[in-house]
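Q: File follows, my_file-v9.pdb with PDB, C-alpha atoms (C1' of nucleotides):
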ATOM      1  CA  MET A   1      10.703  -1.371   6.975
ATOM      2  CA  ALA A   2       7.070  -2.080   6.296
ATOM      3  CA  ARG A   3       5.001  -0.507   3.584
ATOM      4  CA  ALA A   4       4.557   3.239   3.881
ATOM      5  CA  ALA A   5       1.484   4.483   5.709
ATOM      6  CA  THR A   6      -1.611   4.928   3.581
ATOM      7  CA  THR A   7      -1.643   8.471   4.862
ATOM      8  CA  ALA A   8       1.895   9.090   3.650
ATOM      9  CA  ASP A   9       0.707  10.666   0.413
ATOM     10  CA  ALA A  10      -2.058  10.647  -2.164
ATOM     11  CA  PHE A  11      -0.460   7.751  -4.052
ATOM     12  CA  ASN A  12      -0.763   5.475  -1.052
ATOM     13  CA  ALA A  13      -4.189   6.707  -0.031
ATOM     14  CA  VAL A  14      -5.597   6.086  -3.473
ATOM     15  CA  ALA A  15      -4.068   2.632  -3.874
ATOM     16  CA  GLU A  16      -7.063   1.244  -2.006
ATOM     17  CA  PRO A  17      -9.975   0.654  -4.421
ATOM     18  CA  ARG A  18     -12.653   1.501  -1.849
ATOM     19  CA  ARG A  19     -11.115   4.882  -1.326
ATOM     20  CA  ARG A  20     -11.143   5.578  -5.043
ATOM     21  CA  GLN A  21     -14.763   4.486  -5.037
ATOM     22  CA  ILE A  22     -15.505   6.983  -2.291
ATOM     23  CA  LEU A  23     -13.794   9.781  -4.166
ATOM     24  CA  ASP A  24     -15.701   8.859  -7.302
ATOM     25  CA  ALA A  25     -18.930   9.062  -5.366
ATOM     26  CA  LEU A  26     -18.017  12.548  -4.231
ATOM     27  CA  ILE A  27     -17.530  13.875  -7.761
ATOM     28  CA  GLY A  28     -21.270  14.464  -7.856
ATOM     29  CA  GLY A  29     -20.987  16.777  -4.857
ATOM     30  CA  GLU A  30     -21.005  16.923  -1.089
ATOM     31  CA  ARG A  31     -22.385  13.855   0.650
ATOM     32  CA  PRO A  32     -23.026  12.647   4.214
ATOM     33  CA  VAL A  33     -21.276   9.491   5.390
ATOM     34  CA  ASN A  34     -24.357   7.311   5.228
ATOM     35  CA  ASP A  35     -24.772   8.095   1.557
ATOM     36  CA  LEU A  36     -21.264   6.825   0.984
ATOM     37  CA  VAL A  37     -21.944   3.763   3.092
ATOM     38  CA  ARG A  38     -24.793   2.885   0.770
ATOM     39  CA  LEU A  39     -22.846   3.724  -2.357
ATOM     40  CA  VAL A  40     -19.739   1.691  -1.607
ATOM     41  CA  GLY A  41     -21.569  -1.116   0.201
ATOM     42  CA  LEU A  42     -19.199  -1.235   3.125
ATOM     43  CA  ALA A  43     -19.946  -1.083   6.861
ATOM     44  CA  GLN A  44     -20.137   2.398   8.321
ATOM     45  CA  PRO A  45     -17.022   2.119  10.499
ATOM     46  CA  GLN A  46     -14.845   1.129   7.566
ATOM     47  CA  VAL A  47     -16.163   4.004   5.511
ATOM     48  CA  SER A  48     -15.366   6.390   8.346
ATOM     49  CA  LYS A  49     -11.877   4.956   8.492
ATOM     50  CA  HIS A  50     -11.341   5.365   4.787
ATOM     51  CA  LEU A  51     -12.643   8.899   5.004
ATOM     52  CA  ARG A  52     -10.137   9.612   7.708
ATOM     53  CA  VAL A  53      -7.287   8.516   5.473
ATOM     54  CA  LEU A  54      -8.628  10.641   2.642
ATOM     55  CA  ARG A  55      -8.928  13.582   5.022
ATOM     56  CA  GLU A  56      -5.360  13.164   6.197
ATOM     57  CA  VAL A  57      -3.971  13.389   2.698
ATOM     58  CA  GLY A  58      -6.256  16.307   1.965
ATOM     59  CA  ALA A  59      -8.338  14.572  -0.677
ATOM     60  CA  VAL A  60     -11.581  15.448   1.098
ATOM     61  CA  ASP A  61     -12.865  18.136   3.439
ATOM     62  CA  VAL A  62     -15.608  17.843   6.027
ATOM     63  CA  ARG A  63     -18.334  20.215   7.052
ATOM     64  CA  HIS A  64     -20.476  19.597  10.114
ATOM     65  CA  GLU A  65     -24.162  20.101   9.679
ATOM     66  CA  GLY A  66     -26.316  18.966  12.534
ATOM     67  CA  ARG A  67     -25.498  15.389  13.243
ATOM     68  CA  GLN A  68     -24.319  14.811   9.747
ATOM     69  CA  ARG A  69     -20.823  15.325   8.384
ATOM     70  CA  LEU A  70     -20.806  16.397   4.800
ATOM     71  CA  TYR A  71     -17.743  15.300   2.910
ATOM     72  CA  ARG A  72     -16.563  17.228  -0.090
ATOM     73  CA  LEU A  73     -13.978  16.351  -2.702
ATOM     74  CA  ASN A  74     -10.698  18.209  -2.846
ATOM     75  CA  GLY A  75      -9.247  16.981  -6.098
ATOM     76  CA  ARG A  76      -6.235  19.248  -5.858
ATOM     77  CA  ALA A  77      -4.652  16.651  -3.566
ATOM     78  CA  LEU A  78      -4.559  14.320  -6.549
ATOM     79  CA  LYS A  79      -2.607  16.697  -8.749
ATOM     80  CA  PRO A  80       0.769  15.129  -7.889
ATOM     81  CA  ILE A  81      -0.524  11.836  -9.232
ATOM     82  CA  HIS A  82      -1.770  13.469 -12.384
ATOM     83  CA  ASP A  83       1.497  15.304 -12.887
ATOM     84  CA  TRP A  84       3.563  12.194 -12.371
ATOM     85  CA  VAL A  85       1.600   9.878 -14.583
ATOM     86  CA  GLU A  86       1.396  12.463 -17.331
ATOM     87  CA  SER A  87       5.050  11.844 -18.164
ATOM     88  CA  TYR A  88       4.089   8.366 -19.269
ATOM     89  CA  GLU A  89       1.148   9.313 -21.426
ATOM     90  CA  ARG A  90       3.487   9.326 -24.408
ATOM     91  CA  SER A  91       3.669   5.554 -24.113
ATOM     92  CA  TRP A  92       0.128   4.975 -25.218
ATOM     93  CA  SER A  93      -1.311   8.164 -26.629
ATOM     94  CA  GLU A  94      -1.727   8.463 -30.393
ATOM     95  CA  ARG A  95      -1.449  12.166 -29.897
ATOM     96  CA  PHE A  96       2.200  11.667 -29.062
ATOM     97  CA  ASP A  97       2.751   9.136 -31.821
ATOM     98  CA  GLN A  98       2.324  11.957 -34.324
ATOM     99  CA  LEU A  99       4.670  14.163 -32.376
ATOM    100  CA  ASP A 100       7.235  11.405 -32.383
ATOM    101  CA  VAL A 101       7.097  11.193 -36.156
ATOM    102  CA  VAL A 102       7.822  14.888 -36.452
ATOM    103  CA  LEU A 103      10.656  14.747 -33.965
ATOM    104  CA  GLU A 104      12.139  11.790 -35.773
ATOM    105  CA  GLU A 105      12.107  13.678 -39.044
ATOM    106  CA  LEU A 106      13.745  16.688 -37.463
ATOM    107  CA  LYS A 107      16.427  14.489 -36.029
ATOM    108  CA  LEU A 108      17.133  12.903 -39.422
ATOM    109  CA  LYS A 109      17.524  16.303 -41.071
ATOM    110  CA  GLU A 110      19.826  17.425 -38.320
ATOM    111  CA  ASP A 111      21.997  14.354 -38.856
ATOM    112  CA  GLU A 112      22.193  15.101 -42.597
ATOM    113  CA  HIS A 113      23.480  18.588 -41.930
ATOM    114  CA  GLY A 114      25.848  17.262 -39.366
ATOM    115  CA  SER A 115      27.467  14.880 -41.814
ATOM    116  CA  ASP A 116      27.658  17.667 -44.415
ATOM    117  CA  GLN A 117      29.956  19.724 -42.320
TER     118      GLN A 117
ATOM    119  CA  MET B   1      -8.133  -8.228   5.563
ATOM    120  CA  ALA B   2      -4.696  -6.778   5.052
ATOM    121  CA  ARG B   3      -3.765  -4.241   2.464
ATOM    122  CA  ALA B   4      -3.982  -5.455  -1.132
ATOM    123  CA  ALA B   5      -0.837  -6.904  -2.655
ATOM    124  CA  THR B   6       1.465  -4.413  -4.306
ATOM    125  CA  THR B   7       1.136  -6.575  -7.385
ATOM    126  CA  ALA B   8      -2.641  -6.293  -7.345
ATOM    127  CA  ASP B   9      -2.641  -3.426  -9.834
ATOM    128  CA  ALA B  10      -0.674  -0.438 -11.059
ATOM    129  CA  PHE B  11      -2.106   1.795  -8.321
ATOM    130  CA  ASN B  12      -0.606  -0.376  -5.615
ATOM    131  CA  ALA B  13       2.662  -0.974  -7.431
ATOM    132  CA  VAL B  14       3.226   2.709  -7.919
ATOM    133  CA  ALA B  15       2.353   3.708  -4.378
ATOM    134  CA  GLU B  16       5.936   2.915  -3.419
ATOM    135  CA  PRO B  17       8.219   5.921  -4.114
ATOM    136  CA  ARG B  18      11.227   3.810  -5.017
ATOM    137  CA  ARG B  19       9.256   2.086  -7.734
ATOM    138  CA  ARG B  20       8.205   5.419  -9.175
ATOM    139  CA  GLN B  21      11.847   6.418  -9.083
ATOM    140  CA  ILE B  22      12.763   3.312 -11.033
ATOM    141  CA  LEU B  23      10.116   3.999 -13.638
ATOM    142  CA  ASP B  24      11.302   7.580 -13.923
ATOM    143  CA  ALA B  25      14.825   6.332 -14.521
ATOM    144  CA  LEU B  26      13.547   4.165 -17.338
ATOM    145  CA  ILE B  27      11.937   7.034 -19.212
ATOM    146  CA  GLY B  28      15.340   7.712 -20.762
ATOM    147  CA  GLY B  29      15.345   4.209 -22.220
ATOM    148  CA  GLU B  30      16.292   0.628 -21.550
ATOM    149  CA  ARG B  31      18.667   0.038 -18.633
ATOM    150  CA  PRO B  32      20.398  -2.875 -16.919
ATOM    151  CA  VAL B  33      19.660  -3.489 -13.229
ATOM    152  CA  ASN B  34      22.976  -2.159 -11.992
ATOM    153  CA  ASP B  35      22.293   1.178 -13.623
ATOM    154  CA  LEU B  36      19.080   1.380 -11.670
ATOM    155  CA  VAL B  37      20.864   0.348  -8.497
ATOM    156  CA  ARG B  38      23.147   3.335  -8.884
ATOM    157  CA  LEU B  39      20.359   5.687  -9.866
ATOM    158  CA  VAL B  40      17.989   4.927  -7.007
ATOM    159  CA  GLY B  41      20.735   4.337  -4.434
ATOM    160  CA  LEU B  42      19.261   1.140  -3.074
ATOM    161  CA  ALA B  43      20.870  -2.279  -2.607
ATOM    162  CA  GLN B  44      20.740  -4.559  -5.631
ATOM    163  CA  PRO B  45      18.399  -7.160  -4.112
ATOM    164  CA  GLN B  46      15.786  -4.550  -3.241
ATOM    165  CA  VAL B  47      15.943  -3.126  -6.733
ATOM    166  CA  SER B  48      15.432  -6.587  -8.194
ATOM    167  CA  LYS B  49      12.475  -7.059  -5.917
ATOM    168  CA  HIS B  50      10.927  -3.758  -6.936
ATOM    169  CA  LEU B  51      11.512  -4.645 -10.551
ATOM    170  CA  ARG B  52       9.684  -7.871 -10.017
ATOM    171  CA  VAL B  53       6.637  -6.049  -8.738
ATOM    172  CA  LEU B  54       6.767  -3.688 -11.691
ATOM    173  CA  ARG B  55       7.063  -6.658 -14.022
ATOM    174  CA  GLU B  56       4.076  -8.360 -12.470
ATOM    175  CA  VAL B  57       1.827  -5.381 -13.080
ATOM    176  CA  GLY B  58       3.227  -5.007 -16.577
ATOM    177  CA  ALA B  59       4.880  -1.651 -16.041
ATOM    178  CA  VAL B  60       8.227  -2.917 -17.301
ATOM    179  CA  ASP B  61       9.486  -5.591 -19.666
ATOM    180  CA  VAL B  62      12.810  -7.406 -19.542
ATOM    181  CA  ARG B  63      15.172  -8.483 -22.258
ATOM    182  CA  HIS B  64      18.104 -10.786 -21.597
ATOM    183  CA  GLU B  65      21.382  -9.774 -23.099
ATOM    184  CA  GLY B  66      24.378 -11.766 -22.009
ATOM    185  CA  ARG B  67      24.492 -11.666 -18.272
ATOM    186  CA  GLN B  68      22.591  -8.434 -18.131
ATOM    187  CA  ARG B  69      18.854  -7.964 -18.008
ATOM    188  CA  LEU B  70      17.702  -4.856 -19.755
ATOM    189  CA  TYR B  71      14.541  -3.368 -18.340
ATOM    190  CA  ARG B  72      12.291  -1.297 -20.495
ATOM    191  CA  LEU B  73       9.355   0.906 -19.554
ATOM    192  CA  ASN B  74       5.844  -0.105 -20.530
ATOM    193  CA  GLY B  75       3.883   3.009 -19.700
ATOM    194  CA  ARG B  76       0.652   1.595 -21.008
ATOM    195  CA  ALA B  77       0.255  -0.195 -17.687
ATOM    196  CA  LEU B  78      -0.146   3.225 -16.094
ATOM    197  CA  LYS B  79      -3.004   4.275 -18.307
ATOM    198  CA  PRO B  80      -5.683   3.219 -15.800
ATOM    199  CA  ILE B  81      -4.152   5.630 -13.312
ATOM    200  CA  HIS B  82      -4.082   8.409 -15.842
ATOM    201  CA  ASP B  83      -7.661   7.752 -16.843
ATOM    202  CA  TRP B  84      -8.876   7.677 -13.281
ATOM    203  CA  VAL B  85      -7.123  10.785 -12.060
ATOM    204  CA  GLU B  86      -8.139  12.739 -15.143
ATOM    205  CA  SER B  87     -11.686  12.956 -13.820
ATOM    206  CA  TYR B  88     -10.383  15.109 -11.029
ATOM    207  CA  GLU B  89      -8.335  17.503 -13.116
ATOM    208  CA  ARG B  90     -11.289  19.861 -13.166
ATOM    209  CA  SER B  91     -10.635  20.540  -9.509
ATOM    210  CA  TRP B  92      -7.433  22.405 -10.078
ATOM    211  CA  SER B  93      -7.056  23.195 -13.744
ATOM    212  CA  GLU B  94      -7.617  26.752 -14.963
ATOM    213  CA  ARG B  95      -8.513  25.237 -18.292
ATOM    214  CA  PHE B  96     -11.658  23.896 -16.706
ATOM    215  CA  ASP B  97     -12.324  27.088 -14.788
ATOM    216  CA  GLN B  98     -13.055  28.785 -18.095
ATOM    217  CA  LEU B  99     -15.278  25.940 -19.166
ATOM    218  CA  ASP B 100     -17.152  26.221 -15.902
ATOM    219  CA  VAL B 101     -17.837  29.906 -16.555
ATOM    220  CA  VAL B 102     -19.336  29.101 -19.927
ATOM    221  CA  LEU B 103     -21.454  26.295 -18.524
ATOM    222  CA  GLU B 104     -22.659  28.569 -15.751
ATOM    223  CA  GLU B 105     -23.739  31.203 -18.270
ATOM    224  CA  LEU B 106     -25.576  28.662 -20.335
ATOM    225  CA  LYS B 107     -27.364  27.450 -17.277
ATOM    226  CA  LEU B 108     -28.454  30.978 -16.331
ATOM    227  CA  LYS B 109     -29.892  31.603 -19.790
ATOM    228  CA  GLU B 110     -31.729  28.348 -19.666
ATOM    229  CA  ASP B 111     -33.265  29.322 -16.350
ATOM    230  CA  GLU B 112     -34.417  32.676 -17.781
ATOM    231  CA  HIS B 113     -36.226  30.971 -20.594
ATOM    232  CA  GLY B 114     -37.666  28.482 -18.202
ATOM    233  CA  SER B 115     -39.227  31.166 -16.011
ATOM    234  CA  ASP B 116     -40.527  33.002 -19.100
ATOM    235  CA  GLN B 117     -42.793  30.206 -20.008
TER     236      GLN B 117
ATOM    237  C1'  DT C   1     -33.913  13.056  30.606
ATOM    238  C1'  DT C   2     -34.504   9.336  27.478
ATOM    239  C1'  DG C   3     -34.182   7.520  23.083
ATOM    240  C1'  DA C   4     -32.933   7.431  18.356
ATOM    241  C1'  DC C   5     -29.905   8.585  14.755
ATOM    242  C1'  DA C   6     -25.174   9.768  12.558
ATOM    243  C1'  DT C   7     -20.481   9.182  12.796
ATOM    244  C1'  DA C   8     -15.909   8.157  14.921
ATOM    245  C1'  DT C   9     -12.800   5.320  17.587
ATOM    246  C1'  DT C  10     -10.855   1.164  19.734
ATOM    247  C1'  DC C  11      -9.493  -3.603  19.860
ATOM    248  C1'  DC C  12      -8.553  -7.825  17.384
ATOM    249  C1'  DT C  13      -6.536 -10.713  13.747
ATOM    250  C1'  DA C  14      -4.766 -12.329   9.356
ATOM    251  C1'  DT C  15      -1.805 -10.742   6.006
ATOM    252  C1'  DA C  16       1.549  -8.297   3.214
ATOM    253  C1'  DT C  17       5.074  -5.780   3.002
ATOM    254  C1'  DG C  18      10.344  -3.392   2.492
ATOM    255  C1'  DA C  19      14.839  -3.449   3.913
ATOM    256  C1'  DG C  20      19.057  -6.128   5.291
ATOM    257  C1'  DC C  21      21.707 -10.087   4.664
ATOM    258  C1'  DA C  22      23.002 -14.531   2.850
ATOM    259  C1'  DT C  23      22.724 -17.374  -0.880
ATOM    260  C1'  DA C  24      21.363 -19.276  -5.381
ATOM    261  C1'  DT C  25      21.400 -18.967 -10.406
ATOM    262  C1'  DA C  26      23.411 -17.848 -14.707
ATOM    263  C1'  DG C  27      26.597 -16.027 -18.225
ATOM    264  C1'  DT C  28      31.555 -14.946 -19.400
ATOM    265  C1'  DC C  29      36.369 -15.427 -19.397
ATOM    266  C1'  DT C  30      40.811 -17.798 -18.666
TER     267       DT C  30
ATOM    268  C1'  DA D   1      36.891 -26.398 -13.863
ATOM    269  C1'  DG D   2      37.408 -22.017 -11.321
ATOM    270  C1'  DA D   3      36.925 -17.127 -10.842
ATOM    271  C1'  DC D   4      34.252 -13.214 -11.623
ATOM    272  C1'  DT D   5      30.210 -10.474 -12.788
ATOM    273  C1'  DA D   6      25.098  -9.626 -13.004
ATOM    274  C1'  DT D   7      20.811 -10.580 -11.156
ATOM    275  C1'  DA D   8      17.269 -13.142  -8.530
ATOM    276  C1'  DT D   9      15.487 -15.469  -4.490
ATOM    277  C1'  DG D  10      14.919 -16.831   0.385
ATOM    278  C1'  DC D  11      14.717 -15.642   5.261
ATOM    279  C1'  DT D  12      13.917 -12.623   9.305
ATOM    280  C1'  DC D  13      11.884  -8.723  11.527
ATOM    281  C1'  DA D  14       9.350  -4.513  12.426
ATOM    282  C1'  DT D  15       5.364  -2.355  10.892
ATOM    283  C1'  DA D  16       0.982  -1.083   8.831
ATOM    284  C1'  DT D  17      -2.909  -2.235   7.293
ATOM    285  C1'  DA D  18      -8.501  -3.565   6.237
ATOM    286  C1'  DG D  19     -12.362  -5.487   7.865
ATOM    287  C1'  DG D  20     -15.415  -7.102  11.840
ATOM    288  C1'  DA D  21     -17.477  -6.220  16.235
ATOM    289  C1'  DA D  22     -18.231  -3.416  20.091
ATOM    290  C1'  DT D  23     -18.364   0.936  21.901
ATOM    291  C1'  DA D  24     -17.841   5.989  22.347
ATOM    292  C1'  DT D  25     -19.229  10.701  20.970
ATOM    293  C1'  DG D  26     -22.339  14.099  19.342
ATOM    294  C1'  DT D  27     -26.906  15.910  17.991
ATOM    295  C1'  DC D  28     -31.764  16.274  17.703
ATOM    296  C1'  DA D  29     -36.576  15.312  19.331
ATOM    297  C1'  DA D  30     -40.225  14.416  22.595
TER     298       DA D  30
END
Could you quickly redo this structure as structure tokens?

A:
Amino acid sequence: MARAATTADAFNAVAEPRRRQILDALIGGERPVNDLVRLVGLAQPQVSKHLRVLREVGAVDVRHEGRQRLYRLNGRALKPIHDWVESYERSWSERFDQLDVVLEELKLKEDEHGSDQ
Amino acid sequence: MARAATTADAFNAVAEPRRRQILDALIGGERPVNDLVRLVGLAQPQVSKHLRVLREVGAVDVRHEGRQRLYRLNGRALKPIHDWVESYERSWSERFDQLDVVLEELKLKEDEHGSDQ
DNA sequence: TTGACATATTCCTATATGAGCATATAGTCT
DNA sequence: AGACTATATGCTCATATAGGAATATGTCAA
């Protein structure tokens, strides 16, 4: 089997740096394709192709306006990524380091009681 | 150009579902390869190959112990993903909805004062 | 209608998989 | 050494890109 399609899910769609760049550019708000072409410094056809992938995974929405197509961010499509990676935040966050200390202490106390009985 | 190598960065490495599965299995702690083989239900060679990719992007570390190789999670390698996707949390989080309301109010007041002078 | 502008699609090619299978490497035990 | 276990690597094949170039589609203006 080959690698999964880039349109298989948000994880695959966002693995491509240019597509992340495009999404980043859309944080500021709705933008026509040519704006994105300038911002990511890629030829127009490739940008359109990337936008298609992002559309297919629901990361962006389009609105026609005259001859322009205004693309808008739909961050909700990225929630699965956020949810998944959140489980690993403990590995680097100091916030969790403190929590770990507390949990460790609780565990020690529990063990003491356990050996008492 | 073809798609970037899966070892290019954490984004690419983690685009593959089986590799996410492997990482998930490692949250519980260090595990030998055969454990992972059972847990993800894939043939041993494929698991070794996925582990290699994860090693190359730094998402896991190995420790030799006898004839076993114990793999351990290194979540820090996933931080770039967490950091990137966090910018989009606003799109779906109620937490930010409240913040948006406040910001909107502030903006309105500012406009009032602006038109006064 | 003709022309210009904005965007999408098609065709081509080099490249990188991911799984299946066979085999190599390495540690342990007898 | 020989057998057995644990893991890694090599090979083949079907498949999916990503970018480049050319072209198609759609819209507005004169």

Q: How many Å separate atom CA of Leu73 of chain A from atom CA of Ile27 of chain A?

A: 6.7 Å

Q: Superposition of chain A onto chain B by least squares over all sequentially paired C-alpha atoms; the transformed chain is requested as a CSV table (one decimal) with C-alpha atoms, in the coordinates of the input.

A:
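Wrote superposed-v1.csv, looks like this:
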chain,number,residue,atom,x,y,z
A,1,MET,CA,-8.2,-8.2,5.4
A,2,ALA,CA,-4.8,-6.7,5.0
A,3,ARG,CA,-3.8,-4.1,2.5
A,4,ALA,CA,-4.0,-5.3,-1.1
A,5,ALA,CA,-0.9,-6.8,-2.7
A,6,THR,CA,1.4,-4.3,-4.3
A,7,THR,CA,1.0,-6.5,-7.4
A,8,ALA,CA,-2.7,-6.1,-7.4
A,9,ASP,CA,-2.7,-3.3,-9.9
A,10,ALA,CA,-0.7,-0.3,-11.1
A,11,PHE,CA,-2.1,1.9,-8.3
A,12,ASN,CA,-0.6,-0.2,-5.6
A,13,ALA,CA,2.6,-0.9,-7.4
A,14,VAL,CA,3.2,2.8,-7.9
A,15,ALA,CA,2.4,3.8,-4.4
A,16,GLU,CA,6.0,3.0,-3.4
A,17,PRO,CA,8.3,5.9,-4.1
A,18,ARG,CA,11.3,3.8,-5.1
A,19,ARG,CA,9.2,2.1,-7.7
A,20,ARG,CA,8.2,5.5,-9.2
A,21,GLN,CA,11.9,6.4,-9.1
A,22,ILE,CA,12.8,3.3,-11.0
A,23,LEU,CA,10.1,4.0,-13.7
A,24,ASP,CA,11.4,7.6,-13.9
A,25,ALA,CA,14.8,6.3,-14.5
A,26,LEU,CA,13.6,4.1,-17.3
A,27,ILE,CA,12.0,7.0,-19.2
A,28,GLY,CA,15.4,7.7,-20.7
A,29,GLY,CA,15.4,4.2,-22.2
A,30,GLU,CA,16.3,0.6,-21.6
A,31,ARG,CA,18.6,0.0,-18.6
A,32,PRO,CA,20.4,-2.9,-16.9
A,33,VAL,CA,19.6,-3.6,-13.2
A,34,ASN,CA,22.9,-2.2,-12.0
A,35,ASP,CA,22.3,1.1,-13.6
A,36,LEU,CA,19.1,1.3,-11.7
A,37,VAL,CA,20.8,0.3,-8.5
A,38,ARG,CA,23.1,3.2,-8.9
A,39,LEU,CA,20.4,5.6,-9.8
A,40,VAL,CA,18.0,4.8,-7.0
A,41,GLY,CA,20.7,4.2,-4.4
A,42,LEU,CA,19.2,1.0,-3.1
A,43,ALA,CA,20.8,-2.4,-2.6
A,44,GLN,CA,20.6,-4.7,-5.6
A,45,PRO,CA,18.3,-7.2,-4.1
A,46,GLN,CA,15.7,-4.6,-3.3
A,47,VAL,CA,15.9,-3.2,-6.7
A,48,SER,CA,15.3,-6.6,-8.2
A,49,LYS,CA,12.3,-7.1,-5.9
A,50,HIS,CA,10.8,-3.8,-7.0
A,51,LEU,CA,11.4,-4.6,-10.6
A,52,ARG,CA,9.6,-7.9,-10.0
A,53,VAL,CA,6.5,-6.0,-8.8
A,54,LEU,CA,6.7,-3.6,-11.7
A,55,ARG,CA,7.0,-6.6,-14.1
A,56,GLU,CA,4.0,-8.3,-12.5
A,57,VAL,CA,1.7,-5.3,-13.1
A,58,GLY,CA,3.2,-4.9,-16.6
A,59,ALA,CA,4.8,-1.6,-16.1
A,60,VAL,CA,8.2,-2.9,-17.3
A,61,ASP,CA,9.4,-5.6,-19.7
A,62,VAL,CA,12.7,-7.4,-19.6
A,63,ARG,CA,15.1,-8.5,-22.3
A,64,HIS,CA,18.0,-10.8,-21.6
A,65,GLU,CA,21.3,-9.9,-23.1
A,66,GLY,CA,24.2,-11.9,-21.9
A,67,ARG,CA,24.3,-11.7,-18.2
A,68,GLN,CA,22.5,-8.5,-18.1
A,69,ARG,CA,18.7,-8.0,-18.0
A,70,LEU,CA,17.6,-4.9,-19.8
A,71,TYR,CA,14.5,-3.4,-18.4
A,72,ARG,CA,12.3,-1.3,-20.5
A,73,LEU,CA,9.3,0.9,-19.6
A,74,ASN,CA,5.8,0.0,-20.5
A,75,GLY,CA,3.9,3.1,-19.7
A,76,ARG,CA,0.6,1.7,-21.0
A,77,ALA,CA,0.2,-0.1,-17.7
A,78,LEU,CA,-0.1,3.3,-16.1
A,79,LYS,CA,-3.0,4.4,-18.3
A,80,PRO,CA,-5.7,3.4,-15.8
A,81,ILE,CA,-4.1,5.8,-13.3
A,82,HIS,CA,-4.0,8.6,-15.8
A,83,ASP,CA,-7.6,8.0,-16.9
A,84,TRP,CA,-8.8,7.9,-13.3
A,85,VAL,CA,-7.0,11.0,-12.1
A,86,GLU,CA,-8.0,12.9,-15.1
A,87,SER,CA,-11.6,13.2,-13.8
A,88,TYR,CA,-10.2,15.3,-11.0
A,89,GLU,CA,-8.2,17.7,-13.1
A,90,ARG,CA,-11.1,20.1,-13.2
A,91,SER,CA,-10.5,20.7,-9.5
A,92,TRP,CA,-7.3,22.6,-10.1
A,93,SER,CA,-6.9,23.4,-13.7
A,94,GLU,CA,-7.4,26.9,-14.9
A,95,ARG,CA,-8.3,25.4,-18.2
A,96,PHE,CA,-11.5,24.1,-16.7
A,97,ASP,CA,-12.2,27.3,-14.7
A,98,GLN,CA,-12.9,29.0,-18.0
A,99,LEU,CA,-15.1,26.1,-19.1
A,100,ASP,CA,-17.0,26.4,-15.9
A,101,VAL,CA,-17.8,30.0,-16.5
A,102,VAL,CA,-19.3,29.2,-19.9
A,103,LEU,CA,-21.3,26.3,-18.5
A,104,GLU,CA,-22.6,28.5,-15.7
A,105,GLU,CA,-23.7,31.2,-18.2
A,106,LEU,CA,-25.5,28.6,-20.3
A,107,LYS,CA,-27.3,27.3,-17.2
A,108,LEU,CA,-28.4,30.8,-16.3
A,109,LYS,CA,-29.9,31.4,-19.7
A,110,GLU,CA,-31.6,28.0,-19.6
A,111,ASP,CA,-33.2,28.9,-16.3
A,112,GLU,CA,-34.4,32.3,-17.7
A,113,HIS,CA,-36.2,30.5,-20.6
A,114,GLY,CA,-37.6,27.9,-18.2
A,115,SER,CA,-39.2,30.6,-16.0
A,116,ASP,CA,-40.6,32.3,-19.2
A,117,GLN,CA,-42.7,29.3,-20.1

Q: Report as number ranges by chain the residues that result from applying the PyMOL selection byres ((chain D and resi 6-23) around 10) to the structure here.

A: A: 1-6, 16, 42-43, 45-46, 49-50; B: 1-4, 32-34, 44-45, 47-49, 52, 66-69; C: 9-13, 15-27; D: 4-5, 24-25

Q: So that I can see what lies close to Ala15 of chain B, please list as a ChimeraX atom specification the residues with an atom at most 7 Å from it, counting all atoms listed in the file and leaving out residues fewer than 4 positions away in the same chain.

A: /A:11-12,15 /B:11

Q: Could you check the closest approach to Asp24 of chain B for each of B:Gly58, B:Pro80, B:Gly75, B:Gly41 and tell me which residue wins, using only C-alpha atoms?

A: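 Using only C-alpha atoms, Asp24 of chain B sits closest to B:Gly75.
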
Q: Just so the selection is clear, what residues does the PyMOL selection byres ((chain A) within 12 of (chain B)) cover here, as a PyMOL selection string?

A: chain A and resi 1-21+23-29+46+59-60+72-94

Q: Just give me the gap between atom CA of Leu51 of chain A and atom C1' of DT7 of chain C in Å, one decimal is fine.

A: 11.1 Å

Q: What does the distance between atom CA of Arg31 of chain A and atom CA of Val57 of chain A come to in Å, to one decimal place?

A: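 These atoms are spaced 18.5 Å apart.
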